[in-house]
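A.B. asks: Please see the structure below; I have some questions.
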Amino acid sequence: GGAGRGALGWEPLALPQLPQIVALVGDRDRKVGEAAVRTLETVVSCLDPLAVPAAMPALYHGMRTVSWHVKEVCLRTVGRLAARAPGPLGACMPECVPAVIGCLNDSNAKVQSAASEVIPTMLSCVDNPETQSLKAMIVRALREPSFTLEAVDEILSQTFVNAMDGTSLAFLMPILLRGLRSETYELVKKAATCAGNMCALIVNGAELAPFLPELNPALEMALEHSSPAVRAEAATARDKLLEGVGELQASARKGRDVVSELLRTRLADALGAATTPPEVAAHMGSLGTSLLERLFAGKLSTSLLAEAPQRLPAGLVPPARP
(Lines give C-alpha, C1' and ligand atoms only; values in the text may rest on other atoms or scores of the structure.)
Protein backbone atom coordinates (compact mmCIF):
# COMPACT_ATOMS: atom_id res chain seq x y z
CA GLY A 1 0.00 0.00 0.00
CA GLY A 2 0.97 3.64 0.34
CA ALA A 3 2.40 5.93 -2.25
CA GLY A 4 5.12 3.57 -3.35
CA ARG A 5 8.86 3.89 -3.14
CA GLY A 6 8.80 7.49 -4.32
CA ALA A 7 6.97 8.64 -1.19
CA LEU A 8 10.18 8.90 0.78
CA GLY A 9 11.37 11.48 -1.74
CA TRP A 10 8.56 14.00 -1.15
CA GLU A 11 6.92 13.16 2.19
CA PRO A 12 9.80 14.41 4.39
CA LEU A 13 9.59 17.78 2.63
CA ALA A 14 5.81 18.05 2.20
CA LEU A 15 4.62 16.99 5.67
CA PRO A 16 6.38 19.82 7.56
CA GLN A 17 4.55 22.22 5.20
CA LEU A 18 1.09 20.83 5.99
CA PRO A 19 0.30 23.39 8.74
CA GLN A 20 0.94 26.21 6.29
CA ILE A 21 -1.07 24.48 3.55
CA VAL A 22 -4.00 24.00 5.93
CA ALA A 23 -3.83 27.64 7.00
CA LEU A 24 -3.88 28.78 3.35
CA VAL A 25 -7.19 26.96 2.85
CA GLY A 26 -8.77 29.91 4.64
CA ASP A 27 -6.90 32.58 2.68
CA ARG A 28 -8.90 35.64 1.65
CA ASP A 29 -7.82 35.15 -1.94
CA ARG A 30 -10.20 32.49 -3.26
CA LYS A 31 -7.68 31.19 -5.79
CA VAL A 32 -5.09 30.68 -3.06
CA GLY A 33 -7.63 28.85 -0.90
CA GLU A 34 -8.70 26.59 -3.74
CA ALA A 35 -5.07 25.81 -4.61
CA ALA A 36 -4.41 24.94 -0.97
CA VAL A 37 -7.39 22.55 -0.91
CA ARG A 38 -6.14 20.82 -4.07
CA THR A 39 -2.64 20.55 -2.62
CA LEU A 40 -3.98 19.08 0.61
CA GLU A 41 -6.10 16.57 -1.30
CA THR A 42 -3.09 15.55 -3.41
CA VAL A 43 -0.84 15.04 -0.39
CA VAL A 44 -3.50 12.97 1.40
CA SER A 45 -4.25 10.84 -1.65
CA CYS A 46 -0.55 9.99 -2.12
CA LEU A 47 0.41 9.67 1.54
CA ASP A 48 1.90 6.40 2.71
CA PRO A 49 -0.52 4.97 5.31
CA LEU A 50 2.31 4.78 7.85
CA ALA A 51 2.80 8.55 7.48
CA VAL A 52 -0.79 9.34 8.50
CA PRO A 53 0.06 9.97 12.21
CA ALA A 54 2.63 12.56 11.14
CA ALA A 55 0.01 14.41 9.09
CA MET A 56 -2.67 14.56 11.77
CA PRO A 57 -1.38 17.43 13.99
CA ALA A 58 -1.88 19.89 11.13
CA LEU A 59 -5.50 18.73 10.79
CA TYR A 60 -6.12 18.97 14.55
CA HIS A 61 -4.87 22.54 14.48
CA GLY A 62 -7.06 23.28 11.49
CA MET A 63 -10.13 21.95 13.28
CA ARG A 64 -9.45 24.37 16.13
CA THR A 65 -8.82 27.44 14.00
CA VAL A 66 -11.19 30.40 13.57
CA SER A 67 -12.01 29.80 9.90
CA TRP A 68 -15.10 27.65 9.40
CA HIS A 69 -13.92 26.71 5.91
CA VAL A 70 -10.59 25.38 7.23
CA LYS A 71 -12.46 23.32 9.82
CA GLU A 72 -14.80 21.88 7.20
CA VAL A 73 -11.94 20.94 4.86
CA CYS A 74 -9.95 19.32 7.69
CA LEU A 75 -12.97 17.27 8.76
CA ARG A 76 -13.54 16.01 5.24
CA THR A 77 -9.82 15.22 4.98
CA VAL A 78 -10.08 13.08 8.12
CA GLY A 79 -12.93 11.21 6.45
CA ARG A 80 -10.79 10.48 3.39
CA LEU A 81 -7.94 9.25 5.57
CA ALA A 82 -10.31 7.02 7.56
CA ALA A 83 -11.52 5.41 4.34
CA ARG A 84 -8.01 5.06 2.92
CA ALA A 85 -5.92 4.13 5.96
CA PRO A 86 -8.20 2.98 8.81
CA GLY A 87 -5.45 1.13 10.67
CA PRO A 88 -2.91 3.95 11.02
CA LEU A 89 -5.64 6.54 11.60
CA GLY A 90 -7.19 4.34 14.28
CA ALA A 91 -4.12 4.82 16.45
CA CYS A 92 -4.77 8.59 16.26
CA MET A 93 -8.36 8.45 17.51
CA PRO A 94 -7.63 9.46 21.15
CA GLU A 95 -6.60 12.87 19.78
CA CYS A 96 -8.81 12.97 16.71
CA VAL A 97 -12.20 12.26 18.31
CA PRO A 98 -12.07 15.20 20.78
CA ALA A 99 -11.11 17.55 17.93
CA VAL A 100 -14.09 16.37 15.88
CA ILE A 101 -16.45 16.64 18.85
CA GLY A 102 -15.31 20.23 19.29
CA CYS A 103 -16.49 20.85 15.73
CA LEU A 104 -19.85 19.21 16.51
CA ASN A 105 -20.43 22.08 18.92
CA ASP A 106 -19.25 24.76 16.47
CA SER A 107 -21.46 27.78 15.82
CA ASN A 108 -21.28 27.25 12.05
CA ALA A 109 -23.85 24.85 10.61
CA LYS A 110 -21.53 23.64 7.83
CA VAL A 111 -18.85 22.70 10.37
CA GLN A 112 -21.41 20.91 12.52
CA SER A 113 -22.67 19.00 9.50
CA ALA A 114 -19.17 17.98 8.36
CA ALA A 115 -18.30 16.78 11.88
CA SER A 116 -21.53 14.82 12.16
CA GLU A 117 -21.00 13.18 8.77
CA VAL A 118 -17.40 12.11 9.42
CA ILE A 119 -18.06 10.24 12.69
CA PRO A 120 -19.50 7.06 11.10
CA THR A 121 -16.55 6.94 8.70
CA MET A 122 -14.10 7.34 11.60
CA LEU A 123 -15.76 4.40 13.34
CA SER A 124 -14.61 2.20 10.46
CA CYS A 125 -11.16 2.44 12.08
CA VAL A 126 -12.41 0.37 15.05
CA ASP A 127 -11.47 -3.32 15.07
CA ASN A 128 -13.17 -4.32 18.33
CA PRO A 129 -16.33 -6.30 17.33
CA GLU A 130 -18.33 -5.27 20.40
CA THR A 131 -17.62 -1.58 19.82
CA GLN A 132 -18.60 -1.99 16.16
CA SER A 133 -21.90 -3.49 17.25
CA LEU A 134 -22.55 -0.29 19.21
CA LYS A 135 -21.83 1.94 16.21
CA ALA A 136 -25.33 3.37 15.80
CA MET A 137 -25.55 4.16 19.52
CA ILE A 138 -22.11 5.80 19.57
CA VAL A 139 -22.93 8.02 16.59
CA ARG A 140 -26.19 9.15 18.18
CA ALA A 141 -24.65 9.68 21.62
CA LEU A 142 -21.81 11.80 20.26
CA ARG A 143 -24.29 13.89 18.27
CA GLU A 144 -26.96 14.14 20.99
CA PRO A 145 -25.84 14.79 24.61
CA SER A 146 -29.39 14.12 25.81
CA PHE A 147 -28.94 10.46 24.78
CA THR A 148 -26.07 9.88 27.25
CA LEU A 149 -27.96 7.83 29.86
CA GLU A 150 -29.43 5.47 27.26
CA ALA A 151 -25.98 5.15 25.69
CA VAL A 152 -24.29 4.26 28.99
CA ASP A 153 -27.03 1.69 29.66
CA GLU A 154 -26.36 0.12 26.27
CA ILE A 155 -22.61 -0.03 26.89
CA LEU A 156 -23.21 -1.65 30.27
CA SER A 157 -25.51 -4.26 28.74
CA GLN A 158 -22.91 -5.17 26.08
CA THR A 159 -20.78 -8.23 26.84
CA PHE A 160 -17.17 -7.50 25.87
CA VAL A 161 -15.23 -10.68 25.11
CA ASN A 162 -12.35 -9.01 23.25
CA ALA A 163 -9.69 -6.74 24.71
CA MET A 164 -10.41 -3.03 24.52
CA ASP A 165 -7.98 -0.75 22.69
CA GLY A 166 -7.39 2.98 22.48
CA THR A 167 -9.24 3.31 19.18
CA SER A 168 -12.46 1.91 20.62
CA LEU A 169 -12.06 3.75 23.91
CA ALA A 170 -11.65 7.05 22.05
CA PHE A 171 -15.29 6.83 20.92
CA LEU A 172 -16.66 5.61 24.25
CA MET A 173 -14.72 7.97 26.52
CA PRO A 174 -16.56 11.21 25.56
CA ILE A 175 -19.84 9.50 26.46
CA LEU A 176 -18.49 8.29 29.81
CA LEU A 177 -16.94 11.66 30.65
CA ARG A 178 -20.24 13.38 29.94
CA GLY A 179 -21.94 10.91 32.25
CA LEU A 180 -19.39 11.41 35.04
CA ARG A 181 -19.85 15.18 34.84
CA SER A 182 -23.63 14.93 34.98
CA GLU A 183 -25.70 16.20 37.88
CA THR A 184 -27.87 13.08 37.71
CA TYR A 185 -26.99 10.53 40.38
CA GLU A 186 -28.00 7.50 38.31
CA LEU A 187 -25.94 8.60 35.31
CA VAL A 188 -22.81 9.38 37.32
CA LYS A 189 -22.95 6.00 39.07
CA LYS A 190 -23.45 4.07 35.84
CA ALA A 191 -20.75 6.03 34.03
CA ALA A 192 -18.27 5.29 36.84
CA THR A 193 -19.11 1.59 36.69
CA CYS A 194 -18.72 1.60 32.92
CA ALA A 195 -15.41 3.48 33.09
CA GLY A 196 -14.02 0.90 35.48
CA ASN A 197 -15.13 -1.93 33.22
CA MET A 198 -13.48 -0.33 30.18
CA CYS A 199 -10.19 0.25 32.03
CA ALA A 200 -10.13 -3.38 33.11
CA LEU A 201 -10.45 -4.50 29.47
CA ILE A 202 -7.31 -2.63 28.37
CA VAL A 203 -4.29 -4.92 28.00
CA ASN A 204 -1.67 -2.39 26.90
CA GLY A 205 -1.37 0.49 29.36
CA ALA A 206 -0.10 2.78 26.59
CA GLU A 207 -3.58 2.55 25.03
CA LEU A 208 -5.15 3.87 28.25
CA ALA A 209 -2.62 6.60 29.05
CA PRO A 210 -4.01 9.26 26.64
CA PHE A 211 -7.31 9.30 28.56
CA LEU A 212 -5.75 9.81 31.99
CA PRO A 213 -5.70 13.65 31.93
CA GLU A 214 -9.49 13.88 31.57
CA LEU A 215 -10.73 10.65 33.11
CA ASN A 216 -8.76 10.84 36.36
CA PRO A 217 -10.08 14.32 37.36
CA ALA A 218 -13.63 13.26 36.45
CA LEU A 219 -13.35 10.21 38.71
CA GLU A 220 -11.78 12.29 41.49
CA MET A 221 -14.73 14.65 41.28
CA ALA A 222 -17.09 11.66 41.57
CA LEU A 223 -15.18 10.59 44.69
CA GLU A 224 -16.59 13.73 46.33
CA HIS A 225 -20.19 12.83 45.41
CA SER A 226 -22.78 12.87 48.19
CA SER A 227 -23.81 9.29 47.39
CA PRO A 228 -21.73 6.47 48.94
CA ALA A 229 -22.64 4.22 46.00
CA VAL A 230 -21.23 6.73 43.49
CA ARG A 231 -18.09 7.18 45.59
CA ALA A 232 -17.56 3.42 45.74
CA GLU A 233 -17.92 2.97 41.97
CA ALA A 234 -15.63 5.95 41.30
CA ALA A 235 -12.97 4.57 43.66
CA THR A 236 -13.05 1.19 41.93
CA ALA A 237 -12.82 2.79 38.50
CA ARG A 238 -9.94 5.04 39.54
CA ASP A 239 -8.02 2.07 40.93
CA LYS A 240 -8.47 0.20 37.66
CA LEU A 241 -7.41 3.28 35.68
CA LEU A 242 -4.20 3.84 37.64
CA GLU A 243 -3.41 0.13 37.66
CA GLY A 244 -3.92 -0.06 33.90
CA VAL A 245 -1.82 2.99 33.10
CA GLY A 246 0.92 2.10 35.59
CA GLU A 247 4.27 3.68 34.94
CA LEU A 248 2.97 5.48 31.85
CA GLN A 249 1.19 8.15 33.91
CA ALA A 250 3.94 10.70 33.25
CA SER A 251 3.35 10.99 29.51
CA ALA A 252 0.95 9.37 27.08
CA ARG A 253 3.20 10.16 24.10
CA LYS A 254 6.52 9.29 25.71
CA GLY A 255 6.73 5.85 24.14
CA ARG A 256 6.17 7.00 20.57
CA ASP A 257 8.48 10.00 20.89
CA VAL A 258 11.33 7.97 22.39
CA VAL A 259 11.06 5.21 19.79
CA SER A 260 10.79 7.67 16.90
CA GLU A 261 13.93 9.50 18.02
CA LEU A 262 15.77 6.22 18.55
CA LEU A 263 14.88 5.00 15.06
CA ARG A 264 15.83 8.37 13.57
CA THR A 265 19.34 8.28 15.00
CA ARG A 266 19.91 4.57 14.25
CA LEU A 267 18.73 4.88 10.66
CA ALA A 268 20.72 8.05 10.08
CA ASP A 269 23.84 6.32 11.37
CA ALA A 270 23.19 3.28 9.18
CA LEU A 271 22.65 5.37 6.06
CA GLY A 272 25.39 7.87 6.86
CA ALA A 273 24.46 10.79 9.07
CA ALA A 274 26.49 13.21 6.98
CA THR A 275 24.64 12.37 3.77
CA THR A 276 21.12 11.78 5.12
CA PRO A 277 19.00 14.97 5.20
CA PRO A 278 17.59 15.51 8.70
CA GLU A 279 14.04 15.74 7.30
CA VAL A 280 14.43 12.29 5.74
CA ALA A 281 15.86 10.77 8.91
CA ALA A 282 13.04 12.24 11.04
CA HIS A 283 10.41 10.99 8.60
CA MET A 284 11.91 7.51 8.53
CA GLY A 285 11.85 7.49 12.33
CA SER A 286 8.15 8.37 12.29
CA LEU A 287 7.35 5.72 9.66
CA GLY A 288 9.31 3.12 11.59
CA THR A 289 7.42 3.93 14.76
CA SER A 290 4.08 3.56 12.97
CA LEU A 291 5.24 0.20 11.63
CA LEU A 292 6.19 -0.96 15.13
CA GLU A 293 2.81 0.20 16.45
CA ARG A 294 1.21 -2.03 13.86
CA LEU A 295 3.52 -4.92 14.82
CA PHE A 296 2.66 -4.55 18.50
CA ALA A 297 -1.03 -3.94 17.68
CA GLY A 298 -1.23 -0.77 19.70
CA LYS A 299 0.50 2.29 21.02
CA LEU A 300 4.12 1.89 22.06
CA SER A 301 5.67 2.25 25.47
CA THR A 302 9.33 2.04 26.37
CA SER A 303 8.53 -0.77 28.81
CA LEU A 304 6.74 -2.72 26.07
CA LEU A 305 9.83 -2.52 23.88
CA ALA A 306 12.09 -3.53 26.75
CA GLU A 307 9.93 -6.59 27.41
CA ALA A 308 9.95 -7.76 23.79
CA PRO A 309 13.45 -7.21 22.34
CA GLN A 310 13.17 -10.36 20.24
CA ARG A 311 10.61 -8.63 18.04
CA LEU A 312 12.86 -5.67 17.26
CA PRO A 313 15.83 -5.42 14.88
CA ALA A 314 19.17 -5.67 16.60
CA GLY A 315 20.34 -2.41 18.13
CA LEU A 316 16.91 -0.77 18.34
CA VAL A 317 16.11 -1.64 21.95
CA PRO A 318 16.65 1.32 24.31
CA PRO A 319 19.50 0.70 26.76
CA ALA A 320 18.45 -0.23 30.28
CA ARG A 321 18.59 2.50 32.86
CA PRO A 322 21.43 2.14 35.37
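Ligands are numbered from 1 in the order shown, chains are lettered A, B, ... in the order of the C-alpha coordinates, and residues start at 1 in each chain.
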Neighbouring residues of Arg238 of chain A were defined as those with any atom within 8 Å, considering only C-alpha atoms; residues of the same chain fewer than 2 positions away were excluded. Please report them as a list in words.
C.D. replies: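 The neighbour list is Gly196, Asn216, Leu219, Glu220, Ala234, Ala235, Thr236, Lys240, Leu241 and Leu242 of chain A.
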A.B. asks: Set the distance at 8 Å and use only C-alpha atoms: which residues neighbour Lys135 of chain A once local chain neighbours fewer than 4 positions away are removed? I'd like the list as a list of chain:residue names.
C.D. replies: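 Close residues of Lys135 of chain A: A:Pro120, A:Leu123, A:Thr131, A:Val139.
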A.B. asks: Please, could you write that set of residues out with all heavy atoms as a PDB file, in the first residue's frame?
C.D. replies:
ATOM      1  N   PRO A 120     -19.333   8.465  11.511  1.00  0.00           N
ATOM      2  CA  PRO A 120     -19.505   7.061  11.102  1.00  0.00           C
ATOM      3  C   PRO A 120     -18.313   6.526  10.300  1.00  0.00           C
ATOM      4  O   PRO A 120     -17.939   5.354  10.450  1.00  0.00           O
ATOM      5  CB  PRO A 120     -20.775   7.095  10.239  1.00  0.00           C
ATOM      6  CG  PRO A 120     -21.519   8.303  10.711  1.00  0.00           C
ATOM      7  CD  PRO A 120     -20.453   9.301  11.050  1.00  0.00           C
ATOM      8  N   LEU A 123     -15.507   5.648  12.614  1.00  0.00           N
ATOM      9  CA  LEU A 123     -15.763   4.403  13.345  1.00  0.00           C
ATOM     10  C   LEU A 123     -15.345   3.171  12.557  1.00  0.00           C
ATOM     11  O   LEU A 123     -15.207   2.082  13.127  1.00  0.00           O
ATOM     12  CB  LEU A 123     -17.242   4.318  13.717  1.00  0.00           C
ATOM     13  CG  LEU A 123     -17.615   5.002  15.037  1.00  0.00           C
ATOM     14  CD1 LEU A 123     -19.106   5.281  15.106  1.00  0.00           C
ATOM     15  CD2 LEU A 123     -17.172   4.162  16.226  1.00  0.00           C
ATOM     16  N   THR A 131     -17.476  -3.019  20.053  1.00  0.00           N
ATOM     17  CA  THR A 131     -17.620  -1.584  19.819  1.00  0.00           C
ATOM     18  C   THR A 131     -18.306  -1.337  18.482  1.00  0.00           C
ATOM     19  O   THR A 131     -19.148  -0.447  18.355  1.00  0.00           O
ATOM     20  CB  THR A 131     -16.250  -0.886  19.853  1.00  0.00           C
ATOM     21  OG1 THR A 131     -15.578  -1.209  21.071  1.00  0.00           O
ATOM     22  CG2 THR A 131     -16.404   0.628  19.761  1.00  0.00           C
ATOM     23  N   VAL A 139     -22.694   6.870  17.477  1.00  0.00           N
ATOM     24  CA  VAL A 139     -22.926   8.017  16.592  1.00  0.00           C
ATOM     25  C   VAL A 139     -23.999   8.929  17.179  1.00  0.00           C
ATOM     26  O   VAL A 139     -23.829  10.154  17.252  1.00  0.00           O
ATOM     27  CB  VAL A 139     -23.327   7.542  15.182  1.00  0.00           C
ATOM     28  CG1 VAL A 139     -23.773   8.727  14.328  1.00  0.00           C
ATOM     29  CG2 VAL A 139     -22.158   6.828  14.507  1.00  0.00           C
TER      30      VAL A 139
END
A.B. asks: I need the residue nearest Val161 of chain A from this list: A:Glu95, A:Glu130, A:Glu261, A:Glu183. Use only C-alpha atoms for the distance.
C.D. replies: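 With only C-alpha atoms as the atom set, the closest residue is A:Glu130.
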A.B. asks: Per DSSP on the backbone, filter segment 54-224 of chain A down to the residues in alpha helix (DSSP H) and report them as a VMD selection string.
C.D. replies: chain A and resid 54 to 63 68 to 84 86 to 90 93 to 104 109 to 122 129 to 133 135 to 143 148 to 157 166 to 180 185 to 201 205 to 208 212 to 222
A.B. asks: Which residues are near Lys189 of chain A? Cut-off 8 Å, only C-alpha atoms, ignore same chain within fewer than 3 positions. Put them as a PyMOL selection string.
C.D. replies: chain A and resi 180+185-186+192-193+229-230+233-234
A.B. asks: Restrict the selected residues to N, CA and C atoms and save them as a PDB file, in the first residue's frame.
C.D. replies:
ATOM      1  N   LEU A 180     -20.035  11.148  33.765  1.00  0.00           N
ATOM      2  CA  LEU A 180     -19.389  11.406  35.042  1.00  0.00           C
ATOM      3  C   LEU A 180     -19.568  12.854  35.490  1.00  0.00           C
ATOM      4  N   TYR A 185     -27.613  11.582  39.577  1.00  0.00           N
ATOM      5  CA  TYR A 185     -26.985  10.530  40.380  1.00  0.00           C
ATOM      6  C   TYR A 185     -26.866   9.223  39.610  1.00  0.00           C
ATOM      7  N   GLU A 186     -27.970   8.785  39.011  1.00  0.00           N
ATOM      8  CA  GLU A 186     -27.997   7.500  38.314  1.00  0.00           C
ATOM      9  C   GLU A 186     -26.967   7.451  37.192  1.00  0.00           C
ATOM     10  N   ALA A 192     -19.442   5.723  36.070  1.00  0.00           N
ATOM     11  CA  ALA A 192     -18.268   5.293  36.844  1.00  0.00           C
ATOM     12  C   ALA A 192     -18.083   3.784  36.737  1.00  0.00           C
ATOM     13  N   THR A 193     -19.177   3.037  36.842  1.00  0.00           N
ATOM     14  CA  THR A 193     -19.111   1.589  36.690  1.00  0.00           C
ATOM     15  C   THR A 193     -18.584   1.213  35.317  1.00  0.00           C
ATOM     16  N   ALA A 229     -22.687   5.167  47.122  1.00  0.00           N
ATOM     17  CA  ALA A 229     -22.638   4.224  46.001  1.00  0.00           C
ATOM     18  C   ALA A 229     -21.824   4.784  44.844  1.00  0.00           C
ATOM     19  N   VAL A 230     -22.004   6.077  44.554  1.00  0.00           N
ATOM     20  CA  VAL A 230     -21.231   6.727  43.489  1.00  0.00           C
ATOM     21  C   VAL A 230     -19.758   6.763  43.871  1.00  0.00           C
ATOM     22  N   GLU A 233     -18.160   3.303  43.380  1.00  0.00           N
ATOM     23  CA  GLU A 233     -17.918   2.971  41.971  1.00  0.00           C
ATOM     24  C   GLU A 233     -16.764   3.800  41.402  1.00  0.00           C
ATOM     25  N   ALA A 234     -16.701   5.072  41.788  1.00  0.00           N
ATOM     26  CA  ALA A 234     -15.629   5.949  41.305  1.00  0.00           C
ATOM     27  C   ALA A 234     -14.271   5.481  41.828  1.00  0.00           C
TER      28      ALA A 234
END
A.B. asks: May I have the residues within 8 Å of Gly62 of chain A as a ChimeraX atom specification, using only C-alpha atoms and disregarding those fewer than 6 positions away in the same chain?
C.D. replies: /A:19,22-23,70-71,74
A.B. asks: Can you measure atom CA of Pro53 of chain A to atom CA of Thr167 of chain A for me? One decimal in Å is fine.
C.D. replies: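 Atom CA of Thr167 of chain A lies at a distance of 13.4 Å from atom CA of Pro53 of chain A.
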A.B. asks: Hey, can you check how far atom CA of Asn105 of chain A sits from atom CA of Gly166 of chain A?
C.D. replies: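 So the two atoms, atom CA of Asn105 of chain A and atom CA of Gly166 of chain A, lie 23.4 Å apart.
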A.B. asks: Would you mind reading off the distance between atom CA of Arg181 of chain A and atom CA of Ala218 of chain A, one decimal, in Å?
C.D. replies: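 Answer for the atom CA of Arg181 of chain A to atom CA of Ala218 of chain A separation: 6.7 Å.
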A.B. asks: I want to know what sits within 8 Å of Pro98 of chain A, based on only C-alpha atoms, with residues of the same chain fewer than 4 positions away left out; could you give that as a count of residues only?
C.D. replies: 3
A.B. asks: If you count only C-alpha atoms, which residues fall within 12 Å of Glu243 of chain A, apart from same-chain ones fewer than 2 positions away, as number ranges by chain?
C.D. replies: A: 196, 199-206, 208-209, 212, 236-241, 245-249
A.B. asks: What does the file look like for those residues with N, CA, C and O atoms, as a CSV table (one decimal), in the first residue's frame?
C.D. replies:
chain,number,residue,atom,x,y,z
A,196,GLY,N,-14.8,1.9,34.9
A,196,GLY,CA,-14.0,0.9,35.5
A,196,GLY,C,-14.0,-0.4,34.6
A,196,GLY,O,-12.9,-1.0,34.5
A,199,CYS,N,-11.6,0.2,31.6
A,199,CYS,CA,-10.2,0.3,32.0
A,199,CYS,C,-9.7,-1.2,32.3
A,199,CYS,O,-8.5,-1.5,32.0
A,200,ALA,N,-10.5,-2.0,32.8
A,200,ALA,CA,-10.1,-3.4,33.1
A,200,ALA,C,-9.9,-4.2,31.8
A,200,ALA,O,-9.2,-5.2,31.8
A,201,LEU,N,-10.6,-3.8,30.7
A,201,LEU,CA,-10.5,-4.5,29.5
A,201,LEU,C,-9.2,-4.1,28.7
A,201,LEU,O,-8.9,-4.8,27.7
A,202,ILE,N,-8.5,-3.1,29.1
A,202,ILE,CA,-7.3,-2.6,28.4
A,202,ILE,C,-6.1,-3.5,28.8
A,202,ILE,O,-5.8,-3.7,29.9
A,203,VAL,N,-5.5,-4.1,27.8
A,203,VAL,CA,-4.3,-4.9,28.0
A,203,VAL,C,-3.0,-4.1,28.0
A,203,VAL,O,-2.1,-4.3,28.9
A,204,ASN,N,-2.9,-3.2,27.1
A,204,ASN,CA,-1.7,-2.4,26.9
A,204,ASN,C,-1.9,-1.0,27.6
A,204,ASN,O,-2.7,-0.3,27.1
A,205,GLY,N,-1.2,-0.8,28.6
A,205,GLY,CA,-1.4,0.5,29.4
A,205,GLY,C,-1.2,1.7,28.5
A,205,GLY,O,-1.7,2.8,28.8
A,206,ALA,N,-0.3,1.6,27.5
A,206,ALA,CA,-0.1,2.8,26.6
A,206,ALA,C,-1.4,3.2,25.9
A,206,ALA,O,-1.5,4.3,25.4
A,208,LEU,N,-4.3,3.2,27.3
A,208,LEU,CA,-5.1,3.9,28.2
A,208,LEU,C,-4.6,5.2,28.7
A,208,LEU,O,-5.4,6.1,29.0
A,209,ALA,N,-3.3,5.4,28.6
A,209,ALA,CA,-2.6,6.6,29.1
A,209,ALA,C,-3.2,7.9,28.5
A,209,ALA,O,-3.3,8.9,29.2
A,212,LEU,N,-6.0,9.5,30.6
A,212,LEU,CA,-5.8,9.8,32.0
A,212,LEU,C,-6.0,11.3,32.3
A,212,LEU,O,-6.7,11.6,33.4
A,236,THR,N,-13.4,2.4,42.7
A,236,THR,CA,-13.1,1.2,41.9
A,236,THR,C,-12.5,1.5,40.5
A,236,THR,O,-11.5,1.0,40.1
A,237,ALA,N,-13.2,2.4,39.9
A,237,ALA,CA,-12.8,2.8,38.5
A,237,ALA,C,-11.5,3.5,38.5
A,237,ALA,O,-10.6,3.2,37.6
A,238,ARG,N,-11.2,4.3,39.5
A,238,ARG,CA,-9.9,5.0,39.5
A,238,ARG,C,-8.8,4.1,39.8
A,238,ARG,O,-7.7,4.2,39.2
A,239,ASP,N,-9.0,3.1,40.7
A,239,ASP,CA,-8.0,2.1,40.9
A,239,ASP,C,-7.7,1.3,39.7
A,239,ASP,O,-6.5,1.0,39.4
A,240,LYS,N,-8.7,0.9,38.9
A,240,LYS,CA,-8.5,0.2,37.7
A,240,LYS,C,-7.7,1.1,36.6
A,240,LYS,O,-6.9,0.6,35.9
A,241,LEU,N,-8.1,2.4,36.6
A,241,LEU,CA,-7.4,3.3,35.7
A,241,LEU,C,-5.9,3.4,36.0
A,241,LEU,O,-5.1,3.2,35.1
A,245,VAL,N,-2.8,2.1,33.7
A,245,VAL,CA,-1.8,3.0,33.1
A,245,VAL,C,-0.4,2.7,33.7
A,245,VAL,O,0.6,2.8,32.9
A,246,GLY,N,-0.4,2.4,35.0
A,246,GLY,CA,0.9,2.1,35.6
A,246,GLY,C,2.0,3.2,35.4
A,246,GLY,O,1.7,4.4,35.7
A,247,GLU,N,3.1,2.8,35.0
A,247,GLU,CA,4.3,3.7,34.9
A,247,GLU,C,4.2,4.7,33.8
A,247,GLU,O,5.0,5.6,33.7
A,248,LEU,N,3.1,4.6,33.0
A,248,LEU,CA,3.0,5.5,31.9
A,248,LEU,C,2.2,6.8,32.2
A,248,LEU,O,1.9,7.5,31.3
A,249,GLN,N,2.0,7.0,33.5
A,249,GLN,CA,1.2,8.1,33.9
A,249,GLN,C,1.9,9.5,33.5
A,249,GLN,O,1.2,10.5,33.3
A.B. asks: Which residue, A:Met173, A:Ser157, A:His225, A:Thr265, has the smallest gap to Gly285 of chain A when you use only C-alpha atoms?
C.D. replies: A:Thr265
